[in-house]
$ cat query_3.txt   # compact mmCIF, C-alpha atoms (C1' of nucleotides)
# COMPACT_ATOMS: atom_id res chain seq x y z
CA MET Y 692 6.94 4.17 5.78
CA THR Y 693 8.86 3.85 2.60
CA VAL Y 694 6.78 4.34 -0.45
CA ARG Y 695 7.51 1.43 -2.63
CA ARG Y 696 7.78 2.71 -6.14
CA THR Y 697 6.12 0.19 -8.35
CA VAL Y 698 7.54 1.47 -11.57
CA PRO Y 699 6.46 -0.88 -14.30
CA VAL Y 700 9.34 -2.04 -16.36
CA PRO Y 701 8.52 -1.03 -19.92
CA GLY Y 702 8.71 -3.62 -22.60
CA GLY Y 703 9.45 -6.98 -21.22
CA ARG Y 704 12.33 -9.30 -21.35
CA GLY Y 705 14.47 -7.43 -23.82
CA TYR Y 706 14.09 -4.02 -22.24
CA LEU Y 707 17.13 -1.87 -22.82
CA GLY Y 708 16.58 1.27 -20.82
CA PRO Y 709 18.44 4.54 -20.98
CA VAL Y 710 21.04 2.91 -18.79
CA PRO Y 711 23.35 0.44 -20.51
CA ALA Y 712 21.66 -2.81 -19.57
CA ASP Y 713 24.69 -4.98 -19.87
CA THR Y 714 26.87 -3.39 -17.25
CA VAL Y 715 26.75 -4.21 -13.59
CA GLU Y 716 25.62 -0.69 -12.69
CA GLY Y 717 23.04 -0.61 -15.45
CA LEU Y 718 21.48 -3.85 -14.34
CA LEU Y 719 21.54 -2.82 -10.70
CA GLY Y 720 19.80 0.36 -11.80
CA LEU Y 721 16.99 -1.68 -13.30
CA LEU Y 722 16.70 -3.57 -10.07
CA ARG Y 723 16.64 -0.36 -8.06
CA GLU Y 724 13.92 1.05 -10.30
CA ARG Y 725 11.72 -1.79 -9.17
CA GLY Y 726 12.05 -0.73 -5.56
CA ALA Y 727 14.71 -3.24 -4.61
CA ARG Y 728 17.69 -2.45 -2.44
CA ILE Y 729 21.20 -2.77 -3.68
CA THR Y 730 23.35 -4.76 -1.29
CA PRO Y 731 26.92 -5.99 -1.64
CA GLY Y 732 25.61 -9.52 -2.11
CA ARG Y 733 23.31 -8.55 -4.94
CA ARG Y 734 26.02 -6.53 -6.60
CA ALA Y 735 28.31 -9.54 -6.40
CA VAL Y 736 25.69 -11.81 -7.96
CA VAL Y 737 25.12 -9.41 -10.83
CA GLU Y 738 28.87 -9.08 -11.35
CA ALA Y 739 29.21 -12.85 -11.47
CA LEU Y 740 26.48 -13.08 -14.11
CA VAL Y 741 27.84 -10.28 -16.26
CA HIS Y 742 31.31 -11.78 -16.24
CA ALA Y 743 30.10 -15.35 -16.64
CA PRO Y 744 30.90 -17.16 -19.89
CA GLY Y 745 27.33 -17.77 -21.02
CA HIS Y 746 25.22 -19.97 -18.78
CA VAL Y 747 26.09 -20.83 -15.25
CA THR Y 748 24.37 -22.86 -12.60
CA ALA Y 749 23.35 -21.31 -9.31
CA GLU Y 750 26.26 -23.15 -7.76
CA ASP Y 751 28.64 -21.59 -10.23
CA VAL Y 752 27.32 -18.22 -9.22
CA VAL Y 753 27.72 -19.10 -5.57
CA SER Y 754 31.35 -20.06 -5.87
CA SER Y 755 32.15 -17.17 -8.12
CA VAL Y 756 30.50 -14.79 -5.65
CA GLN Y 757 32.12 -16.40 -2.64
CA ALA Y 758 35.56 -16.08 -4.20
CA LYS Y 759 35.44 -12.39 -3.38
CA HIS Y 760 32.71 -12.29 -0.75
CA PRO Y 761 33.03 -15.49 1.25
CA ASP Y 762 30.20 -14.68 3.61
CA VAL Y 763 27.48 -14.33 1.01
CA HIS Y 764 25.25 -17.29 1.64
CA VAL Y 765 23.85 -19.77 -0.87
CA SER Y 766 20.30 -18.85 -0.01
CA THR Y 767 21.06 -15.20 -0.68
CA VAL Y 768 22.26 -16.10 -4.14
CA TYR Y 769 19.10 -18.08 -4.84
CA ARG Y 770 16.94 -15.27 -3.52
CA THR Y 771 18.83 -12.70 -5.55
CA LEU Y 772 18.51 -14.74 -8.71
CA GLU Y 773 14.79 -14.93 -8.06
CA SER Y 774 14.53 -11.16 -7.64
CA LEU Y 775 16.58 -10.56 -10.75
CA GLU Y 776 14.36 -12.93 -12.67
CA GLN Y 777 11.21 -11.19 -11.48
CA ALA Y 778 12.71 -7.92 -12.61
CA GLY Y 779 13.27 -9.41 -16.05
CA ILE Y 780 17.02 -9.06 -15.76
CA VAL Y 781 18.00 -12.70 -15.83
CA ALA Y 782 16.30 -15.95 -16.78
CA HIS Y 783 16.92 -19.59 -16.13
CA VAL Y 784 16.73 -22.58 -18.43
CA HIS Y 785 16.43 -26.24 -17.53
CA MET Y 786 19.02 -28.12 -19.49
CA GLY Y 787 17.97 -31.64 -18.59
CA HIS Y 788 17.95 -33.66 -15.43
CA GLY Y 789 20.51 -31.59 -13.59
CA ALA Y 790 20.65 -28.05 -12.31
CA ALA Y 791 19.13 -25.08 -14.11
CA VAL Y 792 21.40 -22.56 -15.79
CA TRP Y 793 21.11 -18.81 -15.60
CA HIS Y 794 21.82 -16.12 -18.14
CA LEU Y 795 21.15 -12.44 -18.74
CA ALA Y 796 17.65 -11.97 -20.10
CA GLU Y 797 18.80 -10.07 -23.14
CA ASP Y 798 20.80 -13.11 -24.08
CA ASP Y 799 17.88 -14.66 -25.85
CA ARG Y 800 18.41 -17.96 -27.56
CA LEU Y 801 17.30 -21.54 -27.50
CA HIS Y 802 19.45 -24.46 -26.47
CA LEU Y 803 19.92 -27.83 -28.06
CA VAL Y 804 21.58 -30.24 -25.66
CA CYS Y 805 23.07 -33.49 -26.84
CA ASP Y 806 22.06 -36.40 -24.63
CA ASP Y 807 25.25 -38.25 -25.46
CA CYS Y 808 28.04 -35.71 -25.25
CA GLY Y 809 26.31 -32.90 -23.40
CA ASP Y 810 27.25 -30.36 -26.03
CA VAL Y 811 25.08 -27.26 -26.22
CA VAL Y 812 24.13 -25.64 -29.52
CA HIS Y 813 22.51 -22.22 -29.56
CA ILE Y 814 19.81 -21.41 -32.03
CA PRO Y 815 17.81 -18.28 -32.65
CA PRO Y 816 14.40 -18.37 -30.91
CA ARG Y 817 12.60 -17.39 -34.07
CA LEU Y 818 12.99 -20.92 -35.38
CA PHE Y 819 10.03 -21.78 -33.18
CA ASP Y 820 7.89 -18.80 -34.16
CA ASP Y 821 5.62 -20.81 -36.46
CA VAL Y 822 4.96 -23.39 -33.81
CA ARG Y 823 4.25 -20.73 -31.25
CA ASP Y 824 1.82 -19.01 -33.59
CA GLN Y 825 0.08 -22.25 -34.31
CA LEU Y 826 -0.26 -23.16 -30.64
CA LEU Y 827 -1.78 -19.76 -30.07
CA ALA Y 828 -4.15 -20.04 -33.01
CA ASP Y 829 -5.21 -23.64 -32.44
CA HIS Y 830 -5.24 -23.80 -28.67
CA GLY Y 831 -5.13 -20.23 -27.42
CA PHE Y 832 -1.95 -21.21 -25.64
CA GLU Y 833 0.84 -18.68 -25.20
CA ALA Y 834 3.83 -20.96 -25.21
CA THR Y 835 7.16 -20.19 -23.59
CA LEU Y 836 9.51 -22.27 -25.66
CA ASP Y 837 12.81 -21.13 -24.24
CA HIS Y 838 12.40 -22.35 -20.69
CA PHE Y 839 13.55 -25.88 -21.39
CA ALA Y 840 16.43 -26.91 -23.53
CA VAL Y 841 15.68 -29.24 -26.42
CA PRO Y 842 17.31 -32.61 -25.82
CA GLY Y 843 18.43 -34.84 -28.63
CA ARG Y 844 21.51 -36.02 -30.46
CA CYS Y 845 24.03 -33.75 -32.07
CA ARG Y 846 25.44 -34.35 -35.53
CA ARG Y 847 28.73 -35.66 -34.27
CA CYS Y 848 27.19 -38.25 -31.97
CA THR Y 849 24.69 -39.33 -34.60
CA ASN Y 850 27.50 -39.89 -37.07
CA SER Y 851 29.89 -41.61 -34.73
CA ALA Y 852 27.30 -44.05 -33.39
CA PRO Y 853 24.26 -44.17 -35.65
CA ALA Y 854 21.20 -45.38 -33.78
CA MET I 727 -9.24 -55.39 -17.12
CA THR I 728 -9.46 -52.14 -18.91
CA VAL I 729 -8.56 -52.39 -22.53
CA ARG I 730 -7.04 -49.23 -23.85
CA ARG I 731 -7.60 -48.39 -27.46
CA THR I 732 -4.67 -49.53 -29.50
CA VAL I 733 -3.32 -46.92 -31.81
CA PRO I 734 -0.84 -48.87 -33.89
CA VAL I 735 2.21 -46.70 -34.17
CA PRO I 736 3.99 -47.72 -37.35
CA GLY I 737 7.66 -47.02 -37.17
CA GLY I 738 7.26 -45.22 -33.90
CA ARG I 739 9.78 -45.07 -31.07
CA GLY I 740 8.31 -47.91 -29.08
CA TYR I 741 8.67 -51.45 -30.35
CA LEU I 742 5.25 -53.01 -30.62
CA GLY I 743 5.57 -56.73 -31.05
CA PRO I 744 3.05 -59.30 -32.17
CA VAL I 745 1.69 -59.40 -28.61
CA PRO I 746 -1.09 -56.92 -27.77
CA ALA I 747 1.00 -54.12 -26.39
CA ASP I 748 -1.68 -52.52 -24.31
CA THR I 749 -2.49 -55.26 -21.85
CA VAL I 750 -0.59 -56.04 -18.71
CA GLU I 751 0.43 -59.43 -20.02
CA GLY I 752 1.37 -58.05 -23.40
CA LEU I 753 3.62 -55.42 -21.89
CA LEU I 754 5.16 -57.89 -19.50
CA GLY I 755 5.83 -60.09 -22.49
CA LEU I 756 7.79 -57.30 -24.12
CA LEU I 757 9.79 -56.95 -20.96
CA ARG I 758 10.42 -60.69 -20.79
CA GLU I 759 11.59 -60.69 -24.40
CA ARG I 760 14.36 -58.38 -23.34
CA GLY I 761 15.64 -60.92 -20.85
CA ALA I 762 14.08 -59.35 -17.81
CA ARG I 763 12.39 -61.32 -15.07
CA ILE I 764 8.76 -60.89 -14.24
CA THR I 765 8.21 -60.37 -10.55
CA PRO I 766 5.06 -59.52 -8.62
CA GLY I 767 6.37 -56.00 -8.09
CA ARG I 768 6.93 -55.42 -11.77
CA ARG I 769 3.56 -56.83 -12.63
CA ALA I 770 1.98 -54.46 -10.13
CA VAL I 771 3.78 -51.47 -11.60
CA VAL I 772 2.67 -52.34 -15.11
CA GLU I 773 -0.88 -52.83 -13.89
CA ALA I 774 -0.83 -49.45 -12.22
CA LEU I 775 0.36 -47.81 -15.43
CA VAL I 776 -2.16 -49.56 -17.65
CA HIS I 777 -5.01 -48.60 -15.37
CA ALA I 778 -3.76 -45.09 -14.73
CA PRO I 779 -5.79 -42.20 -16.09
CA GLY I 780 -3.15 -40.73 -18.36
CA HIS I 781 -0.01 -39.44 -16.69
CA VAL I 782 1.00 -40.30 -13.20
CA THR I 783 3.97 -39.42 -11.10
CA ALA I 784 6.24 -42.10 -9.69
CA GLU I 785 4.62 -41.45 -6.33
CA ASP I 786 1.19 -42.06 -7.79
CA VAL I 787 2.45 -45.37 -9.09
CA VAL I 788 3.93 -46.18 -5.70
CA SER I 789 0.72 -45.62 -3.80
CA SER I 790 -1.37 -47.33 -6.41
CA VAL I 791 0.97 -50.33 -6.30
CA GLN I 792 1.16 -50.37 -2.53
CA ALA I 793 -2.62 -50.38 -2.25
CA LYS I 794 -2.54 -54.02 -3.25
CA HIS I 795 1.08 -54.91 -2.53
CA PRO I 796 2.09 -52.94 0.53
CA ASP I 797 5.59 -54.33 0.66
CA VAL I 798 6.69 -53.23 -2.78
CA HIS I 799 9.26 -50.58 -2.08
CA VAL I 800 9.59 -47.12 -3.62
CA SER I 801 12.98 -47.90 -5.01
CA THR I 802 11.61 -50.99 -6.73
CA VAL I 803 9.03 -48.85 -8.45
CA TYR I 804 11.68 -46.42 -9.64
CA ARG I 805 13.90 -49.26 -10.83
CA THR I 806 11.00 -50.91 -12.61
CA LEU I 807 10.02 -47.69 -14.32
CA GLU I 808 13.60 -47.36 -15.48
CA SER I 809 13.63 -50.90 -16.89
CA LEU I 810 10.30 -50.34 -18.59
CA GLU I 811 11.59 -47.16 -20.11
CA GLN I 812 14.72 -48.85 -21.42
CA ALA I 813 12.51 -51.47 -22.98
CA GLY I 814 10.56 -48.73 -24.74
CA ILE I 815 7.37 -49.61 -22.88
CA VAL I 816 6.89 -46.42 -20.92
CA ALA I 817 8.30 -42.91 -21.07
CA HIS I 818 8.49 -39.99 -18.72
CA VAL I 819 7.91 -36.31 -19.30
CA HIS I 820 9.04 -33.39 -17.17
CA MET I 821 6.08 -31.14 -16.61
CA GLY I 822 7.85 -28.28 -14.90
CA HIS I 823 9.61 -27.85 -11.62
CA GLY I 824 7.97 -30.79 -9.88
CA ALA I 825 7.98 -34.51 -10.36
CA ALA I 826 8.11 -36.19 -13.73
CA VAL I 827 5.05 -37.98 -15.07
CA TRP I 828 4.98 -41.40 -16.66
CA HIS I 829 2.85 -42.83 -19.43
CA LEU I 830 2.75 -45.79 -21.76
CA ALA I 831 5.09 -45.24 -24.68
CA GLU I 832 2.40 -45.75 -27.27
CA ASP I 833 0.55 -42.87 -25.71
CA ASP I 834 2.45 -40.37 -27.76
CA ARG I 835 1.52 -36.75 -27.40
CA LEU I 836 2.92 -33.44 -26.37
CA HIS I 837 1.91 -31.52 -23.29
CA LEU I 838 1.12 -27.86 -22.86
CA VAL I 839 1.14 -26.90 -19.19
CA CYS I 840 -0.34 -23.64 -18.00
CA ASP I 841 1.97 -21.85 -15.57
CA ASP I 842 -0.97 -20.20 -13.87
CA CYS I 843 -3.59 -22.90 -13.42
CA GLY I 844 -1.54 -26.02 -14.04
CA ASP I 845 -3.93 -27.29 -16.67
CA VAL I 846 -2.53 -29.73 -19.19
CA VAL I 847 -3.49 -29.69 -22.86
CA HIS I 848 -2.52 -32.56 -25.12
CA ILE I 849 -1.47 -31.93 -28.67
CA PRO I 850 -0.39 -34.27 -31.42
CA PRO I 851 3.41 -34.51 -31.70
CA ARG I 852 3.32 -33.90 -35.41
CA LEU I 853 2.73 -30.22 -34.75
CA PHE I 854 6.46 -29.99 -34.16
CA ASP I 855 7.50 -32.01 -37.19
CA ASP I 856 8.56 -28.98 -39.21
CA VAL I 857 10.73 -27.69 -36.42
CA ARG I 858 12.28 -31.09 -35.95
CA ASP I 859 13.04 -31.36 -39.66
CA GLN I 860 14.56 -27.92 -39.68
CA LEU I 861 16.76 -28.62 -36.68
CA LEU I 862 17.97 -31.73 -38.42
CA ALA I 863 18.60 -29.95 -41.69
CA ASP I 864 20.21 -26.83 -40.26
CA HIS I 865 22.11 -28.27 -37.34
CA GLY I 866 22.19 -32.02 -37.83
CA PHE I 867 20.43 -32.27 -34.50
CA GLU I 868 17.96 -35.07 -33.87
CA ALA I 869 15.63 -33.36 -31.44
CA THR I 870 13.46 -35.14 -28.92
CA LEU I 871 10.64 -32.69 -28.45
CA ASP I 872 8.35 -34.68 -26.23
CA HIS I 873 10.56 -35.05 -23.20
CA PHE I 874 9.64 -31.72 -21.67
CA ALA I 875 6.23 -30.22 -21.48
CA VAL I 876 5.77 -26.80 -23.08
CA PRO I 877 5.04 -24.22 -20.40
CA GLY I 878 2.97 -21.15 -21.07
CA ARG I 879 -0.45 -19.67 -20.46
CA CYS I 880 -3.68 -21.31 -21.40
CA ARG I 881 -6.51 -19.48 -23.11
CA ARG I 882 -8.59 -19.19 -19.97
CA CYS I 883 -5.81 -17.66 -17.88
CA THR I 884 -4.79 -15.31 -20.66
CA ASN I 885 -8.36 -14.05 -20.94
CA SER I 886 -9.07 -13.77 -17.26
CA ALA I 887 -5.90 -11.83 -16.50
CA PRO I 888 -4.37 -10.43 -19.65
CA ALA I 889 -0.67 -9.77 -19.28
C1' DC J 1452 14.53 -79.17 -8.42
C1' DC J 1453 18.90 -76.61 -8.38
C1' DG J 1454 22.12 -72.73 -9.28
C1' DT J 1455 22.72 -68.29 -10.09
C1' DA J 1456 22.05 -63.88 -12.14
C1' DG J 1457 18.95 -60.51 -11.45
C1' DC J 1458 15.59 -58.52 -8.39
C1' DT J 1459 14.22 -56.88 -4.07
C1' DG J 1460 13.53 -54.35 0.60
C1' DC J 1461 15.64 -51.34 3.36
C1' DG J 1462 17.38 -47.15 4.88
C1' DA J 1463 20.68 -43.77 4.23
C1' DA J 1464 22.21 -40.38 1.15
C1' DC J 1465 21.96 -37.40 -2.65
C1' DG J 1466 21.31 -32.87 -5.47
C1' DG J 1467 19.03 -28.89 -5.96
C1' DG J 1468 16.54 -25.84 -3.87
C1' DT J 1469 13.47 -23.49 -0.08
C1' DC J 1470 12.09 -21.64 4.43
C1' DG J 1471 11.67 -19.46 9.10
C1' DC J 1472 13.91 -16.91 12.05
C1' DA J 1473 16.44 -13.30 14.39
C1' DG J 1474 19.58 -9.76 13.46
C1' DG J 1475 21.66 -6.28 10.16
C1' DT J 1476 21.45 -2.49 6.76
C1' DA J 1477 19.98 0.48 2.63
C1' DC J 1478 17.66 4.24 1.75
C1' DG J 1479 13.53 7.67 2.00
C1' DG J 1480 12.28 11.23 5.13
C1' DC J 1481 13.30 14.85 7.65
C1' DG K 1354 23.51 14.02 8.71
C1' DC K 1355 20.95 10.87 11.30
C1' DC K 1356 16.75 7.88 12.15
C1' DG K 1357 13.37 4.48 11.46
C1' DT K 1358 11.86 0.65 9.33
C1' DA K 1359 10.92 -2.42 5.69
C1' DC K 1360 13.71 -5.13 3.29
C1' DC K 1361 17.55 -8.18 3.03
C1' DT K 1362 20.72 -11.34 5.05
C1' DG K 1363 23.25 -15.46 7.32
C1' DC K 1364 22.30 -19.56 9.18
C1' DG K 1365 20.81 -24.04 9.44
C1' DA K 1366 17.20 -27.13 9.18
C1' DC K 1367 14.32 -28.88 5.99
C1' DC K 1368 11.92 -30.49 1.67
C1' DC K 1369 11.13 -33.22 -2.49
C1' DG K 1370 12.15 -36.43 -5.85
C1' DT K 1371 15.23 -39.68 -6.73
C1' DT K 1372 19.35 -42.84 -6.31
C1' DC K 1373 22.49 -46.11 -4.14
C1' DG K 1374 24.89 -49.98 -1.61
C1' DC K 1375 24.05 -53.87 0.52
C1' DA K 1376 22.60 -58.38 1.94
C1' DG K 1377 19.06 -61.60 1.13
C1' DC K 1378 15.50 -63.62 -1.93
C1' DT K 1379 13.57 -65.70 -6.23
C1' DA K 1380 12.48 -66.38 -11.24
C1' DC K 1381 13.65 -69.17 -14.53
C1' DG K 1382 17.01 -71.89 -17.83
C1' DG K 1383 18.98 -76.14 -17.43
$ encode --input "query_3.txt" --output "structure tokens"
Amino acid sequence: MTVRRTVPVPGGRGYLGPVPADTVEGLLGLLRERGARITPGRRAVVEALVHAPGHVTAEDVVSSVQAKHPDVHVSTVYRTLESLEQAGIVAHVHMGHGAAVWHLAEDDRLHLVCDDCGDVVHIPPRLFDDVRDQLLADHGFEATLDHFAVPGRCRRCTNSAPA
Amino acid sequence: MTVRRTVPVPGGRGYLGPVPADTVEGLLGLLRERGARITPGRRAVVEALVHAPGHVTAEDVVSSVQAKHPDVHVSTVYRTLESLEQAGIVAHVHMGHGAAVWHLAEDDRLHLVCDDCGDVVHIPPRLFDDVRDQLLADHGFEATLDHFAVPGRCRRCTNSAPA
DNA sequence: CCGTAGCTGCGAACGGGTCGCAGGTACGGC
DNA sequence: GCCGTACCTGCGACCCGTTCGCAGCTACGG
């Protein structure tokens, strides 16, 4: 029986271990440390994410993976993303009514999405620190404010067609 | 007929006319003012929402409507909710990965949803006013902060199983 | 009381994701 | 090295919440 090494990942989301955490091998190392097996499919998914231009949907990952490994199945990609998320390596954000987007966990920022033009603006998460503190103080609630994008109207759309 | 307490929302998002905006007839009046027709199905949907205990999913509305009007179809309920939303009478909030929940537009508050126990805490929207102002000032972005619930961990769950 | 635009029921289809299963394979143990 | 097995995979069916196209019905201004 394999002894499953339940090595706790130190830190949390932003953990940068001794291995470079932004290379395919580094990230796979983190996964391996958690007792997971490294398969060609998983490697391909991690490669796709590392080389992706920012956020990608699961479908983007699928097609990017299948470009080189046509027999990696959709469900494998979903399952791999889930494992990677549990390991704190990637995270997903809901941008609105459509599909979620995935990004490397270290890539920590909030998203403003324009309802009109769909444009995405990145902002530093610390803009919401006061609110988070207040929610904690007033309601004992540990808020996760980066899991949903903030919808609204960007400057350009507001100017071009004032409400 | 249950009469909900009217909190007059001056300058708020929803247009509140001279008609009492919290009764079935009042709300239907608002809809009629926008050129829409009042049908038994629509009346039933509005009734369901007025009598609903807070937020309800579209499915809740469907079954509550069908209890009295069994031949009102799901798609009619969805279409009615859409019309009501366009008229500023109701609004929907995404609580997480599941179905959206609907509420009367005047019923304006933010939602904290515990990832562990699913509990919902209501907070006044003005808690986010500073952030909204800052987003507008710094990025020209008019944020809509009440369209997604804020996920996180409630006090009870944090205490009973500290991270 | 009539004409018609706007609603409706219906059922099929959608997008995004999940699941159960049987077979394949990475990797610790020896 | 090779073996055993727990973990991972391909596959396809399925799920949920929601949307759509269509033909027929009906609210309501005239």
$ interface_residues --input "query_3.txt" --of "chain J" --to "chain I" --cutoff "12 Å" --atoms "all atoms listed in the file" --output "MDAnalysis selection string"
chainID J and resid 1456:1462 1467:1468
$ atom_distance --input "query_3.txt" --atom1 "atom CA of Y:Ser774" --atom2 "atom CA of Y:Leu722"
8.3 Å
$ residues_around --input "query_3.txt" --residues "stretch 811-824 of chain I" --least-positions-apart "6" --cutoff "8 Å" --atoms "only C-alpha atoms (C1' of nucleotides)" --output "MDAnalysis selection string"
chainID I and resid 739:741 753 756:757 760 830:832 837 839 872:877
$ write_last_selection --input "query_3.txt" --atoms "C-alpha atoms" --output "compact mmCIF listing (two decimals), keeping the file's coordinate frame"
# COMPACT_ATOMS: atom_id res chain seq x y z
CA ARG I 739 9.78 -45.07 -31.07
CA GLY I 740 8.31 -47.91 -29.08
CA TYR I 741 8.67 -51.45 -30.35
CA LEU I 753 3.62 -55.42 -21.89
CA LEU I 756 7.79 -57.30 -24.12
CA LEU I 757 9.79 -56.95 -20.96
CA ARG I 760 14.36 -58.38 -23.34
CA LEU I 830 2.75 -45.79 -21.76
CA ALA I 831 5.09 -45.24 -24.68
CA GLU I 832 2.40 -45.75 -27.27
CA HIS I 837 1.91 -31.52 -23.29
CA VAL I 839 1.14 -26.90 -19.19
CA ASP I 872 8.35 -34.68 -26.23
CA HIS I 873 10.56 -35.05 -23.20
CA PHE I 874 9.64 -31.72 -21.67
CA ALA I 875 6.23 -30.22 -21.48
CA VAL I 876 5.77 -26.80 -23.08
CA PRO I 877 5.04 -24.22 -20.40
$ calpha_fit_rmsd --input "query_3.txt" --fixed "chain Y" --moving "chain I"
6.5 Å
$ residues_near_point --input "query_3.txt" --point "(27.3, -6.7, -13.6)" --cutoff "6 Å" --atoms "only C-alpha atoms (C1' of nucleotides)" --output "list in words"
Thr714, Val715, Val737, Glu738 and Val741 of chain Y
$ residues_around --input "query_3.txt" --residues "stretch 845-851 of chain Y" --least-positions-apart "3" --cutoff "12 Å" --atoms "all atoms listed in the file" --output "MDAnalysis selection string"
(chainID Y and resid 802:813 841:842 854) or (chainID I and resid 861:870)
$ interface_residues --input "query_3.txt" --of "chain K" --to "chain Y" --cutoff "10 Å" --atoms "all atoms listed in the file" --output "PyMOL selection string"
chain K and resi 1357-1364
$ decode --input "query_3.txt" --residues "chain K" --atoms "C-alpha atoms (C1' of nucleotides)" --output "short mmCIF file (atom, residue, chain, number, x, y, z; two decimals), in the first residue's frame"
data_model
loop_
_atom_site.label_atom_id
_atom_site.label_comp_id
_atom_site.auth_asym_id
_atom_site.auth_seq_id
_atom_site.Cartn_x
_atom_site.Cartn_y
_atom_site.Cartn_z
"C1'" DG K 1354 14.39 -3.81 -12.58
"C1'" DC K 1355 9.91 -5.44 -11.99
"C1'" DC K 1356 5.39 -5.77 -9.39
"C1'" DG K 1357 1.26 -4.41 -7.26
"C1'" DT K 1358 -2.10 -1.30 -6.57
"C1'" DA K 1359 -4.16 3.02 -5.74
"C1'" DC K 1360 -4.76 6.61 -8.50
"C1'" DC K 1361 -5.82 8.50 -12.90
"C1'" DT K 1362 -7.89 8.23 -17.35
"C1'" DG K 1363 -11.12 7.98 -21.60
"C1'" DC K 1364 -15.59 7.59 -22.58
"C1'" DG K 1365 -20.18 8.73 -22.77
"C1'" DA K 1366 -24.25 9.55 -20.44
"C1'" DC K 1367 -26.04 12.70 -17.54
"C1'" DC K 1368 -27.21 16.91 -14.73
"C1'" DC K 1369 -28.77 21.61 -13.78
"C1'" DG K 1370 -30.24 26.01 -14.85
"C1'" DT K 1371 -31.61 28.43 -18.46
"C1'" DT K 1372 -32.86 29.77 -23.34
"C1'" DC K 1373 -35.07 29.39 -27.84
"C1'" DG K 1374 -38.20 28.80 -31.95
"C1'" DC K 1375 -42.52 28.10 -33.05
"C1'" DA K 1376 -47.44 28.19 -33.58
"C1'" DG K 1377 -51.44 29.57 -31.21
"C1'" DC K 1378 -53.78 32.60 -27.82
"C1'" DT K 1379 -55.18 37.02 -25.60
"C1'" DA K 1380 -54.82 41.73 -23.47
"C1'" DC K 1381 -55.89 45.93 -24.56
"C1'" DG K 1382 -56.02 50.44 -27.60
"C1'" DG K 1383 -59.07 51.88 -30.88
#
